[in-house]
>>> print(open('start30.cif').read())   # mmCIF, C-alpha atoms
data_input
loop_
_atom_site.group_PDB
_atom_site.id
_atom_site.type_symbol
_atom_site.label_atom_id
_atom_site.label_comp_id
_atom_site.auth_asym_id
_atom_site.auth_seq_id
_atom_site.Cartn_x
_atom_site.Cartn_y
_atom_site.Cartn_z
ATOM 1 C CA MET A 1 -103.877 137.281 74.282
ATOM 2 C CA PRO A 2 -100.301 135.884 74.430
ATOM 3 C CA LYS A 3 -98.127 136.725 71.425
ATOM 4 C CA ARG A 4 -97.896 133.063 70.306
ATOM 5 C CA LYS A 5 -101.688 132.733 70.265
ATOM 6 C CA GLN A 6 -101.972 136.009 68.372
ATOM 7 C CA LEU A 7 -99.638 134.690 65.693
ATOM 8 C CA LEU A 8 -101.536 131.402 65.453
ATOM 9 C CA ALA A 9 -104.804 133.311 65.138
ATOM 10 C CA PHE A 10 -103.325 135.539 62.443
ATOM 11 C CA PHE A 11 -102.075 132.618 60.357
ATOM 12 C CA ALA A 12 -105.358 130.774 60.763
ATOM 13 C CA LEU A 13 -107.272 133.849 59.593
ATOM 14 C CA ALA A 14 -104.907 134.305 56.643
ATOM 15 C CA ALA A 15 -105.314 130.672 55.637
ATOM 16 C CA PHE A 16 -109.081 130.963 55.920
ATOM 17 C CA ALA A 17 -109.057 134.121 53.790
ATOM 18 C CA GLY A 18 -106.896 132.395 51.175
ATOM 19 C CA CYS A 19 -109.204 129.392 51.016
ATOM 20 C CA ALA A 20 -112.241 131.648 50.799
ATOM 21 C CA ALA A 21 -110.673 133.626 47.948
ATOM 22 C CA ALA A 22 -109.845 130.406 46.106
ATOM 23 C CA GLN A 23 -113.379 129.131 46.535
ATOM 24 C CA GLN A 24 -114.792 132.408 45.223
ATOM 25 C CA TYR A 25 -112.644 132.426 42.075
ATOM 26 C CA PRO A 26 -113.605 133.796 39.672
ATOM 27 C CA ASN A 27 -115.723 136.604 41.050
ATOM 28 C CA HIS A 28 -115.176 139.020 38.166
ATOM 29 C CA PRO A 29 -114.349 138.749 34.430
ATOM 30 C CA VAL A 30 -111.257 136.943 33.184
ATOM 31 C CA THR A 31 -109.126 138.577 30.474
ATOM 32 C CA MET A 32 -107.768 136.358 27.696
ATOM 33 C CA VAL A 33 -104.841 138.100 25.990
ATOM 34 C CA VAL A 34 -104.382 137.418 22.270
ATOM 35 C CA PRO A 35 -100.894 138.373 20.991
ATOM 36 C CA TYR A 36 -102.212 139.066 17.479
ATOM 37 C CA ALA A 37 -104.605 141.444 15.771
ATOM 38 C CA ALA A 38 -108.380 141.121 15.820
ATOM 39 C CA SER A 39 -109.934 139.030 13.036
ATOM 40 C CA GLY A 40 -106.819 136.880 12.702
ATOM 41 C CA PRO A 41 -106.825 133.086 13.204
ATOM 42 C CA THR A 42 -105.683 133.117 16.847
ATOM 43 C CA ASP A 43 -108.263 135.801 17.598
ATOM 44 C CA THR A 44 -110.939 133.561 16.037
ATOM 45 C CA VAL A 45 -109.947 130.663 18.299
ATOM 46 C CA ALA A 46 -109.871 132.973 21.317
ATOM 47 C CA ARG A 47 -113.385 134.275 20.719
ATOM 48 C CA VAL A 48 -114.804 130.776 20.251
ATOM 49 C CA MET A 49 -113.146 129.625 23.470
ATOM 50 C CA GLY A 50 -114.001 132.783 25.388
ATOM 51 C CA VAL A 51 -117.717 132.362 24.781
ATOM 52 C CA ALA A 52 -117.586 128.628 25.544
ATOM 53 C CA MET A 53 -115.717 129.150 28.831
ATOM 54 C CA ASN A 54 -118.110 131.808 30.133
ATOM 55 C CA LYS A 55 -120.650 129.315 31.450
ATOM 56 C CA PRO A 56 -118.342 126.866 33.268
ATOM 57 C CA LEU A 57 -116.429 129.771 34.840
ATOM 58 C CA GLY A 58 -119.571 131.668 35.741
ATOM 59 C CA GLN A 59 -117.900 134.856 34.523
ATOM 60 C CA THR A 60 -117.353 136.647 31.240
ATOM 61 C CA VAL A 61 -114.095 135.967 29.427
ATOM 62 C CA ILE A 62 -112.943 139.203 27.807
ATOM 63 C CA VAL A 63 -110.711 138.887 24.733
ATOM 64 C CA GLU A 64 -107.980 141.527 24.623
ATOM 65 C CA ASN A 65 -105.809 141.859 21.511
ATOM 66 C CA LYS A 66 -102.171 142.817 21.982
ATOM 67 C CA PRO A 67 -100.767 142.669 18.434
ATOM 68 C CA SER A 68 -97.071 142.935 17.683
ATOM 69 C CA ALA A 69 -94.554 141.527 15.239
ATOM 70 C CA GLY A 70 -93.999 137.902 16.169
ATOM 71 C CA GLY A 71 -96.663 138.029 18.860
ATOM 72 C CA ILE A 72 -94.193 138.771 21.659
ATOM 73 C CA LEU A 73 -95.977 141.587 23.534
ATOM 74 C CA GLY A 74 -98.921 139.436 24.630
ATOM 75 C CA PRO A 75 -96.785 136.904 26.517
ATOM 76 C CA GLU A 76 -94.783 139.758 28.078
ATOM 77 C CA GLN A 77 -98.004 141.333 29.336
ATOM 78 C CA VAL A 78 -99.293 138.090 30.819
ATOM 79 C CA LYS A 79 -95.918 137.216 32.350
ATOM 80 C CA ASN A 80 -96.004 140.537 34.230
ATOM 81 C CA ALA A 81 -99.685 140.345 35.187
ATOM 82 C CA LYS A 82 -100.824 139.608 38.720
ATOM 83 C CA PRO A 83 -100.885 135.806 39.094
ATOM 84 C CA ASP A 84 -104.452 135.562 40.327
ATOM 85 C CA GLY A 85 -106.164 133.708 37.464
ATOM 86 C CA TYR A 86 -107.797 136.800 36.010
ATOM 87 C CA THR A 87 -105.297 137.279 33.170
ATOM 88 C CA ILE A 88 -104.530 134.350 30.865
ATOM 89 C CA LEU A 89 -102.787 133.972 27.520
ATOM 90 C CA ILE A 90 -103.849 132.180 24.367
ATOM 91 C CA HIS A 91 -101.015 131.503 21.948
ATOM 92 C CA HIS A 92 -100.132 129.162 19.120
ATOM 93 C CA ILE A 93 -96.935 127.413 18.026
ATOM 94 C CA GLY A 94 -95.168 130.762 18.414
ATOM 95 C CA MET A 95 -94.570 129.933 22.083
ATOM 96 C CA ALA A 96 -92.255 127.161 20.873
ATOM 97 C CA THR A 97 -90.473 129.105 18.133
ATOM 98 C CA THR A 98 -89.760 132.497 19.740
ATOM 99 C CA PRO A 99 -86.814 131.230 21.844
ATOM 100 C CA ALA A 100 -84.939 130.394 18.632
ATOM 101 C CA LEU A 101 -86.178 133.390 16.634
ATOM 102 C CA TYR A 102 -85.403 136.188 19.109
ATOM 103 C CA ARG A 103 -81.947 136.902 20.486
ATOM 104 C CA GLN A 104 -83.412 139.139 23.189
ATOM 105 C CA LEU A 105 -86.678 137.733 24.487
ATOM 106 C CA ARG A 106 -88.181 139.213 27.640
ATOM 107 C CA PHE A 107 -90.024 136.059 28.635
ATOM 108 C CA ASN A 108 -89.212 132.377 28.877
ATOM 109 C CA PRO A 109 -92.039 130.082 27.686
ATOM 110 C CA LEU A 110 -90.835 127.275 29.964
ATOM 111 C CA THR A 111 -90.308 129.164 33.224
ATOM 112 C CA ASP A 112 -92.510 132.287 33.218
ATOM 113 C CA PHE A 113 -95.933 130.660 32.882
ATOM 114 C CA ASP A 114 -98.207 128.119 34.474
ATOM 115 C CA TYR A 115 -99.838 125.784 31.974
ATOM 116 C CA ILE A 116 -103.574 125.306 31.483
ATOM 117 C CA GLY A 117 -103.851 123.069 28.417
ATOM 118 C CA LEU A 118 -103.923 122.584 24.672
ATOM 119 C CA ILE A 119 -106.985 123.583 22.638
ATOM 120 C CA ASN A 120 -106.805 122.394 19.047
ATOM 121 C CA ASP A 121 -104.769 121.333 16.051
ATOM 122 C CA VAL A 122 -105.020 123.448 12.910
ATOM 123 C CA PRO A 123 -103.700 122.578 9.430
ATOM 124 C CA MET A 124 -102.664 125.303 7.010
ATOM 125 C CA THR A 125 -103.470 126.093 3.399
ATOM 126 C CA LEU A 126 -101.388 127.456 0.550
ATOM 127 C CA ILE A 127 -103.488 130.208 -1.034
ATOM 128 C CA ALA A 128 -103.004 132.950 -3.624
ATOM 129 C CA ARG A 129 -104.801 136.044 -4.848
ATOM 130 C CA GLN A 130 -107.947 135.214 -6.792
ATOM 131 C CA ASN A 131 -106.452 136.172 -10.160
ATOM 132 C CA PHE A 132 -103.120 134.388 -9.721
ATOM 133 C CA PRO A 133 -102.297 132.813 -13.124
ATOM 134 C CA ALA A 134 -101.606 129.211 -12.008
ATOM 135 C CA LYS A 135 -104.656 126.936 -12.187
ATOM 136 C CA ASP A 136 -103.227 124.096 -10.054
ATOM 137 C CA PHE A 137 -100.275 123.342 -7.780
ATOM 138 C CA LYS A 138 -98.069 122.040 -10.588
ATOM 139 C CA GLU A 139 -98.463 125.318 -12.465
ATOM 140 C CA PHE A 140 -98.117 127.280 -9.222
ATOM 141 C CA LEU A 141 -94.799 125.644 -8.410
ATOM 142 C CA ALA A 142 -93.455 126.233 -11.908
ATOM 143 C CA TYR A 143 -94.607 129.853 -11.867
ATOM 144 C CA VAL A 144 -93.088 130.813 -8.506
ATOM 145 C CA LYS A 145 -89.772 129.171 -9.418
ATOM 146 C CA ALA A 146 -89.651 130.978 -12.768
ATOM 147 C CA ASN A 147 -90.616 134.312 -11.184
ATOM 148 C CA LYS A 148 -88.903 134.072 -7.792
ATOM 149 C CA ASP A 149 -87.700 137.687 -7.942
ATOM 150 C CA LYS A 150 -91.196 139.007 -8.632
ATOM 151 C CA VAL A 151 -93.608 136.764 -6.705
ATOM 152 C CA THR A 152 -94.457 138.140 -3.255
ATOM 153 C CA TYR A 153 -95.144 135.964 -0.231
ATOM 154 C CA ALA A 154 -97.105 137.568 2.629
ATOM 155 C CA ASN A 155 -96.824 136.579 6.280
ATOM 156 C CA ALA A 156 -98.007 137.910 9.621
ATOM 157 C CA GLY A 157 -94.515 138.716 10.899
ATOM 158 C CA ILE A 158 -91.483 136.867 12.201
ATOM 159 C CA GLY A 159 -92.504 133.863 14.259
ATOM 160 C CA ALA A 160 -96.088 133.853 13.031
ATOM 161 C CA ALA A 161 -97.537 130.579 11.763
ATOM 162 C CA SER A 162 -97.612 131.959 8.220
ATOM 163 C CA HIS A 163 -93.931 132.863 8.475
ATOM 164 C CA LEU A 164 -92.967 129.355 9.644
ATOM 165 C CA CYS A 165 -95.008 127.691 6.916
ATOM 166 C CA GLY A 166 -93.513 129.915 4.238
ATOM 167 C CA MET A 167 -90.007 129.332 5.512
ATOM 168 C CA LEU A 168 -90.439 125.557 5.342
ATOM 169 C CA PHE A 169 -92.151 125.753 1.951
ATOM 170 C CA MET A 170 -89.303 127.756 0.421
ATOM 171 C CA SER A 171 -86.844 125.267 1.905
ATOM 172 C CA ALA A 172 -88.834 122.320 0.535
ATOM 173 C CA ILE A 173 -88.918 123.714 -3.020
ATOM 174 C CA GLN A 174 -85.355 125.068 -2.716
ATOM 175 C CA THR A 175 -86.382 128.525 -3.853
ATOM 176 C CA ASP A 176 -86.055 131.838 -2.006
ATOM 177 C CA LEU A 177 -88.976 134.179 -2.608
ATOM 178 C CA LEU A 178 -89.633 137.839 -1.885
ATOM 179 C CA THR A 179 -91.236 137.963 1.571
ATOM 180 C CA VAL A 180 -93.566 140.736 2.721
ATOM 181 C CA PRO A 181 -94.048 140.707 6.526
ATOM 182 C CA TYR A 182 -97.102 142.294 8.159
ATOM 183 C CA LYS A 183 -98.080 143.073 11.734
ATOM 184 C CA GLY A 184 -100.728 140.380 11.924
ATOM 185 C CA THR A 185 -102.634 138.008 9.684
ATOM 186 C CA ALA A 186 -105.621 140.274 9.059
ATOM 187 C CA PRO A 187 -103.683 143.017 7.210
ATOM 188 C CA ALA A 188 -101.787 140.349 5.235
ATOM 189 C CA MET A 189 -105.061 138.715 4.200
ATOM 190 C CA ASN A 190 -106.569 142.094 3.289
ATOM 191 C CA ASP A 191 -103.697 142.814 0.917
ATOM 192 C CA LEU A 192 -103.931 139.314 -0.569
ATOM 193 C CA LEU A 193 -107.644 139.810 -1.213
ATOM 194 C CA GLY A 194 -106.841 143.188 -2.733
ATOM 195 C CA GLY A 195 -104.168 141.714 -5.011
ATOM 196 C CA GLN A 196 -101.276 143.683 -3.490
ATOM 197 C CA VAL A 197 -99.388 140.438 -2.690
ATOM 198 C CA ASP A 198 -99.393 137.094 -4.493
ATOM 199 C CA PHE A 199 -99.704 134.272 -1.994
ATOM 200 C CA MET A 200 -99.460 133.138 1.611
ATOM 201 C CA CYS A 201 -99.702 130.036 3.782
ATOM 202 C CA ASP A 202 -102.126 130.413 6.660
ATOM 203 C CA GLN A 203 -104.298 128.519 9.109
ATOM 204 C CA THR A 204 -107.604 127.051 7.983
ATOM 205 C CA THR A 205 -109.288 129.035 10.765
ATOM 206 C CA ASN A 206 -108.468 132.126 8.699
ATOM 207 C CA THR A 207 -108.673 130.808 5.136
ATOM 208 C CA THR A 208 -111.570 128.328 4.955
ATOM 209 C CA ASN A 209 -114.286 130.954 4.562
ATOM 210 C CA GLN A 210 -112.248 132.835 1.939
ATOM 211 C CA ILE A 211 -111.654 129.596 0.011
ATOM 212 C CA LYS A 212 -115.323 128.561 0.111
ATOM 213 C CA ALA A 213 -116.377 132.032 -1.014
ATOM 214 C CA GLY A 214 -114.019 131.847 -3.993
ATOM 215 C CA LYS A 215 -112.122 134.954 -2.903
ATOM 216 C CA VAL A 216 -108.744 133.229 -3.096
ATOM 217 C CA LYS A 217 -107.179 130.371 -5.018
ATOM 218 C CA VAL A 218 -106.069 127.364 -2.990
ATOM 219 C CA TYR A 219 -103.266 125.009 -4.012
ATOM 220 C CA GLY A 220 -103.033 122.566 -1.122
ATOM 221 C CA VAL A 221 -103.241 121.821 2.589
ATOM 222 C CA THR A 222 -100.257 121.158 4.839
ATOM 223 C CA SER A 223 -101.612 118.267 6.922
ATOM 224 C CA LYS A 224 -100.863 114.543 6.532
ATOM 225 C CA LYS A 225 -104.382 113.928 5.322
ATOM 226 C CA ARG A 226 -107.062 116.029 3.673
ATOM 227 C CA VAL A 227 -109.143 118.397 5.777
ATOM 228 C CA PRO A 228 -112.798 117.301 6.226
ATOM 229 C CA SER A 229 -114.097 120.835 5.685
ATOM 230 C CA LEU A 230 -112.109 121.099 2.416
ATOM 231 C CA PRO A 231 -112.169 117.500 1.141
ATOM 232 C CA GLU A 232 -111.523 118.453 -2.481
ATOM 233 C CA ILE A 233 -108.188 120.139 -1.671
ATOM 234 C CA PRO A 234 -105.215 117.739 -1.910
ATOM 235 C CA THR A 235 -102.282 117.849 0.506
ATOM 236 C CA LEU A 236 -98.918 119.178 -0.615
ATOM 237 C CA ASP A 237 -97.499 115.735 0.063
ATOM 238 C CA GLU A 238 -99.989 114.245 -2.413
ATOM 239 C CA GLN A 239 -98.809 116.754 -4.982
ATOM 240 C CA GLY A 240 -95.143 115.931 -4.790
ATOM 241 C CA VAL A 241 -93.761 117.927 -1.833
ATOM 242 C CA LYS A 242 -93.051 114.741 0.082
ATOM 243 C CA GLY A 243 -93.103 114.853 3.855
ATOM 244 C CA PHE A 244 -94.268 118.471 3.955
ATOM 245 C CA GLU A 245 -96.361 118.949 7.064
ATOM 246 C CA VAL A 246 -97.030 122.046 9.151
ATOM 247 C CA GLY A 247 -99.673 122.027 11.851
ATOM 248 C CA ILE A 248 -100.527 124.811 14.256
ATOM 249 C CA TRP A 249 -101.758 124.313 17.793
ATOM 250 C CA HIS A 250 -103.249 126.714 20.318
ATOM 251 C CA ALA A 251 -103.015 126.584 24.095
ATOM 252 C CA LEU A 252 -103.794 128.520 27.278
ATOM 253 C CA TYR A 253 -101.300 129.816 29.861
ATOM 254 C CA ALA A 254 -101.380 131.811 33.096
ATOM 255 C CA PRO A 255 -98.696 133.891 34.844
ATOM 256 C CA LYS A 256 -96.249 131.867 36.918
ATOM 257 C CA GLY A 257 -97.445 131.513 40.488
ATOM 258 C CA THR A 258 -101.171 131.459 39.747
ATOM 259 C CA PRO A 259 -102.889 129.602 42.619
ATOM 260 C CA LYS A 260 -103.605 125.952 41.879
ATOM 261 C CA PRO A 261 -107.355 126.281 42.665
ATOM 262 C CA ALA A 262 -107.596 128.958 39.940
ATOM 263 C CA ILE A 263 -105.620 126.791 37.473
ATOM 264 C CA ASP A 264 -107.854 123.831 38.281
ATOM 265 C CA LYS A 265 -110.986 125.862 37.525
ATOM 266 C CA LEU A 266 -109.499 127.148 34.284
ATOM 267 C CA VAL A 267 -108.560 123.600 33.230
ATOM 268 C CA ALA A 268 -112.084 122.410 34.039
ATOM 269 C CA ALA A 269 -113.572 125.300 32.028
ATOM 270 C CA LEU A 270 -111.262 124.522 29.094
ATOM 271 C CA GLN A 271 -112.294 120.879 29.094
ATOM 272 C CA ASP A 272 -115.981 121.756 29.366
ATOM 273 C CA ALA A 273 -115.584 124.049 26.358
ATOM 274 C CA LEU A 274 -113.868 121.334 24.309
ATOM 275 C CA LYS A 275 -116.737 118.937 25.044
ATOM 276 C CA ASP A 276 -119.247 121.475 23.719
ATOM 277 C CA GLU A 277 -120.664 120.242 20.399
ATOM 278 C CA THR A 278 -121.030 123.821 19.193
ATOM 279 C CA VAL A 279 -117.296 124.396 19.719
ATOM 280 C CA LYS A 280 -116.414 121.121 17.978
ATOM 281 C CA LYS A 281 -118.578 122.025 14.984
ATOM 282 C CA ARG A 282 -117.275 125.583 14.836
ATOM 283 C CA PHE A 283 -113.674 124.397 14.704
ATOM 284 C CA SER A 284 -114.509 121.565 12.304
ATOM 285 C CA ASP A 285 -116.150 124.039 9.932
ATOM 286 C CA LEU A 286 -112.888 126.000 10.000
ATOM 287 C CA GLY A 287 -110.776 122.923 9.324
ATOM 288 C CA ALA A 288 -109.516 122.586 12.906
ATOM 289 C CA GLU A 289 -109.896 119.744 15.391
ATOM 290 C CA VAL A 290 -110.186 119.957 19.173
ATOM 291 C CA VAL A 291 -107.562 117.987 21.077
ATOM 292 C CA PRO A 292 -108.487 114.948 23.200
ATOM 293 C CA LEU A 293 -109.290 115.940 26.790
ATOM 294 C CA SER A 294 -106.114 114.169 27.909
ATOM 295 C CA MET A 295 -104.180 116.900 26.072
ATOM 296 C CA ALA A 296 -106.166 119.738 27.639
ATOM 297 C CA THR A 297 -104.134 119.551 30.843
ATOM 298 C CA PRO A 298 -101.131 121.394 32.300
ATOM 299 C CA ALA A 299 -98.871 118.308 32.161
ATOM 300 C CA ALA A 300 -99.715 117.549 28.534
ATOM 301 C CA LEU A 301 -99.145 121.155 27.453
ATOM 302 C CA GLU A 302 -95.801 121.323 29.255
ATOM 303 C CA ALA A 303 -94.591 118.124 27.569
ATOM 304 C CA HIS A 304 -95.868 119.268 24.161
ATOM 305 C CA LEU A 305 -94.243 122.705 24.447
ATOM 306 C CA LYS A 306 -90.876 121.189 25.383
ATOM 307 C CA ALA A 307 -91.052 118.788 22.435
ATOM 308 C CA GLU A 308 -91.977 121.573 19.998
ATOM 309 C CA ILE A 309 -89.138 123.816 21.214
ATOM 310 C CA ALA A 310 -86.738 120.928 20.667
ATOM 311 C CA LYS A 311 -88.183 120.337 17.180
ATOM 312 C CA TRP A 312 -88.282 123.894 15.858
ATOM 313 C CA GLY A 313 -85.110 125.302 17.414
ATOM 314 C CA PRO A 314 -82.672 123.484 15.089
ATOM 315 C CA ILE A 315 -84.863 124.135 12.023
ATOM 316 C CA ILE A 316 -84.952 127.880 12.642
ATOM 317 C CA LYS A 317 -81.263 128.111 13.480
ATOM 318 C CA LYS A 318 -80.336 126.184 10.333
ATOM 319 C CA ALA A 319 -82.447 128.619 8.284
ATOM 320 C CA GLY A 320 -80.593 131.534 9.888
ATOM 321 C CA VAL A 321 -83.761 133.499 10.661
ATOM 322 C CA TYR A 322 -83.468 135.847 13.628
ATOM 323 C CA ALA A 323 -85.145 138.964 15.002
ATOM 324 C CA ASP A 324 -83.713 141.469 17.465
#
>>> encode(input="start30.cif", output="structure tokens")
Amino acid sequence: MPKRKQLLAFFALAAFAGCAAAQQYPNHPVTMVVPYAASGPTDTVARVMGVAMNKPLGQTVIVENKPSAGGILGPEQVKNAKPDGYTILIHHIGMATTPALYRQLRFNPLTDFDYIGLINDVPMTLIARQNFPAKDFKEFLAYVKANKDKVTYANAGIGAASHLCGMLFMSAIQTDLLTVPYKGTAPAMNDLLGGQVDFMCDQTTNTTNQIKAGKVKVYGVTSKKRVPSLPEIPTLDEQGVKGFEVGIWHALYAPKGTPKPAIDKLVAALQDALKDETVKKRFSDLGAEVVPLSMATPAALEAHLKAEIAKWGPIIKKAGVYAD
């Protein structure tokens, strides 16, 4: 066979093999990396989504926790993973805040990932240990201001949703409080339940069950309007902290260079999961809301991430909060 024909045959075979591989995707389990500890709020979202995406993908979605302060190791792992669609990342608002928080970041949220889509919007709650002395938000505010050198505020580490909420809350009430950072939400919540720390601000996906069980005191929600699953809890805005609003969102990413057919199947699986009534109810019970399907797309996530980076960067820099 002449050399030119051999080359044409080779390229045709390679193209056929590539198409066949794309059509077969996925032919083994997909790993969803969670950059936070098990039992935390992002882990809860990941496990709900993992189960819901199993059927449309035709493969098991395995949740793998990669906890670290600020949730930076998970994105690093996914950035460096083979871009074949079998390793994806679930992350929250931290993808938008880490560029401003970390002077030395080994990944770029805007250039090192392919986008899959947004998942949900999650309000937060201001909660305290069950035996905290304040009976309502007015008393809570007076107490923390009068005891600012003694009251302890727990968070899940620099860049975590609880850290951002606490930072904005302290700014809003113009009071610096003693902060106790943890390596994840679960250990912070455990110490709050045990009375080792006084209060925290965390996602409803992590606090709703504790609130309903009476294991913690709740002083308000951070959304514009009340949360349907906690209708009796007023917003902080209602209670005098005007304009205070912190919402957390979760989204899915893949390593840069993941083949478009694989991204397309992941987007389709994400959208199928968000249409599932069981998923909607599960999130609703936890105070969260699935995004419209128009937001569960690569283009919508890219635009949202850029807007959030532009929003949070100046806020964090003004606060002077950095991590090495």
>>> residues_around(input="start30.cif", residues="stretch 75-90 of chain A", least_positions_apart="4", cutoff="10 Å", atoms="all atoms listed in the file", output="number ranges by chain")
A: 22, 25-36, 42-43, 45-46, 49, 61-64, 66, 71, 95, 105-109, 111-119, 250-263, 265-266
>>> residues_around(input="start30.cif", residues="A:Leu164", least_positions_apart="3", cutoff="9 Å", atoms="only C-alpha atoms", output="JSON list (two decimals) with C-alpha atoms, in the coordinates of the input")
[["chain", "number", "residue", "atom", "x", "y", "z"],
["A", 97, "THR", "CA", -90.47, 129.10, 18.13],
["A", 155, "ASN", "CA", -96.82, 136.58, 6.28],
["A", 158, "ILE", "CA", -91.48, 136.87, 12.20],
["A", 159, "GLY", "CA", -92.50, 133.86, 14.26],
["A", 160, "ALA", "CA", -96.09, 133.85, 13.03],
["A", 161, "ALA", "CA", -97.54, 130.58, 11.76],
["A", 167, "MET", "CA", -90.01, 129.33, 5.51],
["A", 168, "LEU", "CA", -90.44, 125.56, 5.34],
["A", 169, "PHE", "CA", -92.15, 125.75, 1.95],
["A", 201, "CYS", "CA", -99.70, 130.04, 3.78],
["A", 246, "VAL", "CA", -97.03, 122.05, 9.15],
["A", 316, "ILE", "CA", -84.95, 127.88, 12.64]]
>>> atom_distance(input="start30.cif", atom1="atom CA of A:Pro56", atom2="atom CA of A:Asp285")
23.6 Å
>>> closest_residue(input="start30.cif", among="A:Ile127, A:Ala303, A:Leu286, A:Leu57", to="A:Ala273", atoms="all atoms listed in the file")
A:Leu57
>>> axis_aligned_box(input="start30.cif", around="stretch 80-89 of chain A", padding_each_side="6 Å", output="JSON")
{"center_x": -101.9, "center_y": 137.1, "center_z": 33.9, "size_x": 23.8, "size_y": 18.8, "size_z": 24.8}
>>> resolve_selection(input="start30.cif", expression="the PyMOL selection byres ((chain A and resi 189) around 10)", output="ChimeraX atom specification")
/A:40,128-129,154-156,182,184-188,190-197,199-200,202,206-207,210,216
>>> closest_residue(input="start30.cif", among="A:Thr152, A:Gln174, A:Gln130, A:Ser223", to="A:Gly243", atoms="all atoms listed in the file")
A:Ser223
>>> atom_distance(input="start30.cif", atom1="atom CA of A:Ala146", atom2="atom CA of A:Lys242")
21.0 Å
>>> closest_residue(input="start30.cif", among="A:Pro314, A:Asp136, A:Leu270, A:Asp149", to="A:Pro234", atoms="only C-alpha atoms")
A:Asp136
>>> atom_distance(input="start30.cif", atom1="atom CA of A:Gly94", atom2="atom CA of A:Phe244")
19.0 Å
>>> closest_residue(input="start30.cif", among="A:Gln24, A:Thr205, A:Thr98, A:Thr297", to="A:Val48", atoms="only C-alpha atoms")
A:Thr205
>>> closest_residue(input="start30.cif", among="A:Gln239, A:Asn147, A:Asn54, A:Asn120", to="A:Val291", atoms="all atoms listed in the file")
A:Asn120
>>> closest_residue(input="start30.cif", among="A:Ala172, A:Asp198, A:Gly157, A:Met295", to="A:Tyr143", atoms="all atoms listed in the file")
A:Asp198
>>> decode(input="start30.cif", residues="stretch 261-276 of chain A", atoms="C-alpha atoms", output="compact mmCIF listing (two decimals), in the first residue's frame")
# COMPACT_ATOMS: atom_id res chain seq x y z
CA PRO A 261 -19.28 14.05 23.74
CA ALA A 262 -18.42 13.20 27.37
CA ILE A 263 -19.33 16.73 28.54
CA ASP A 264 -22.60 16.52 26.63
CA LYS A 265 -23.51 13.25 28.35
CA LEU A 266 -22.61 14.66 31.75
CA VAL A 267 -24.73 17.77 31.10
CA ALA A 268 -27.65 15.56 30.03
CA ALA A 269 -27.25 13.43 33.17
CA LEU A 270 -27.12 16.55 35.35
CA GLN A 271 -30.31 17.90 33.80
CA ASP A 272 -32.07 14.55 34.13
CA ALA A 273 -31.13 14.49 37.81
CA LEU A 274 -32.47 18.01 38.38
CA LYS A 275 -35.80 17.02 36.81
CA ASP A 276 -36.11 14.10 39.24
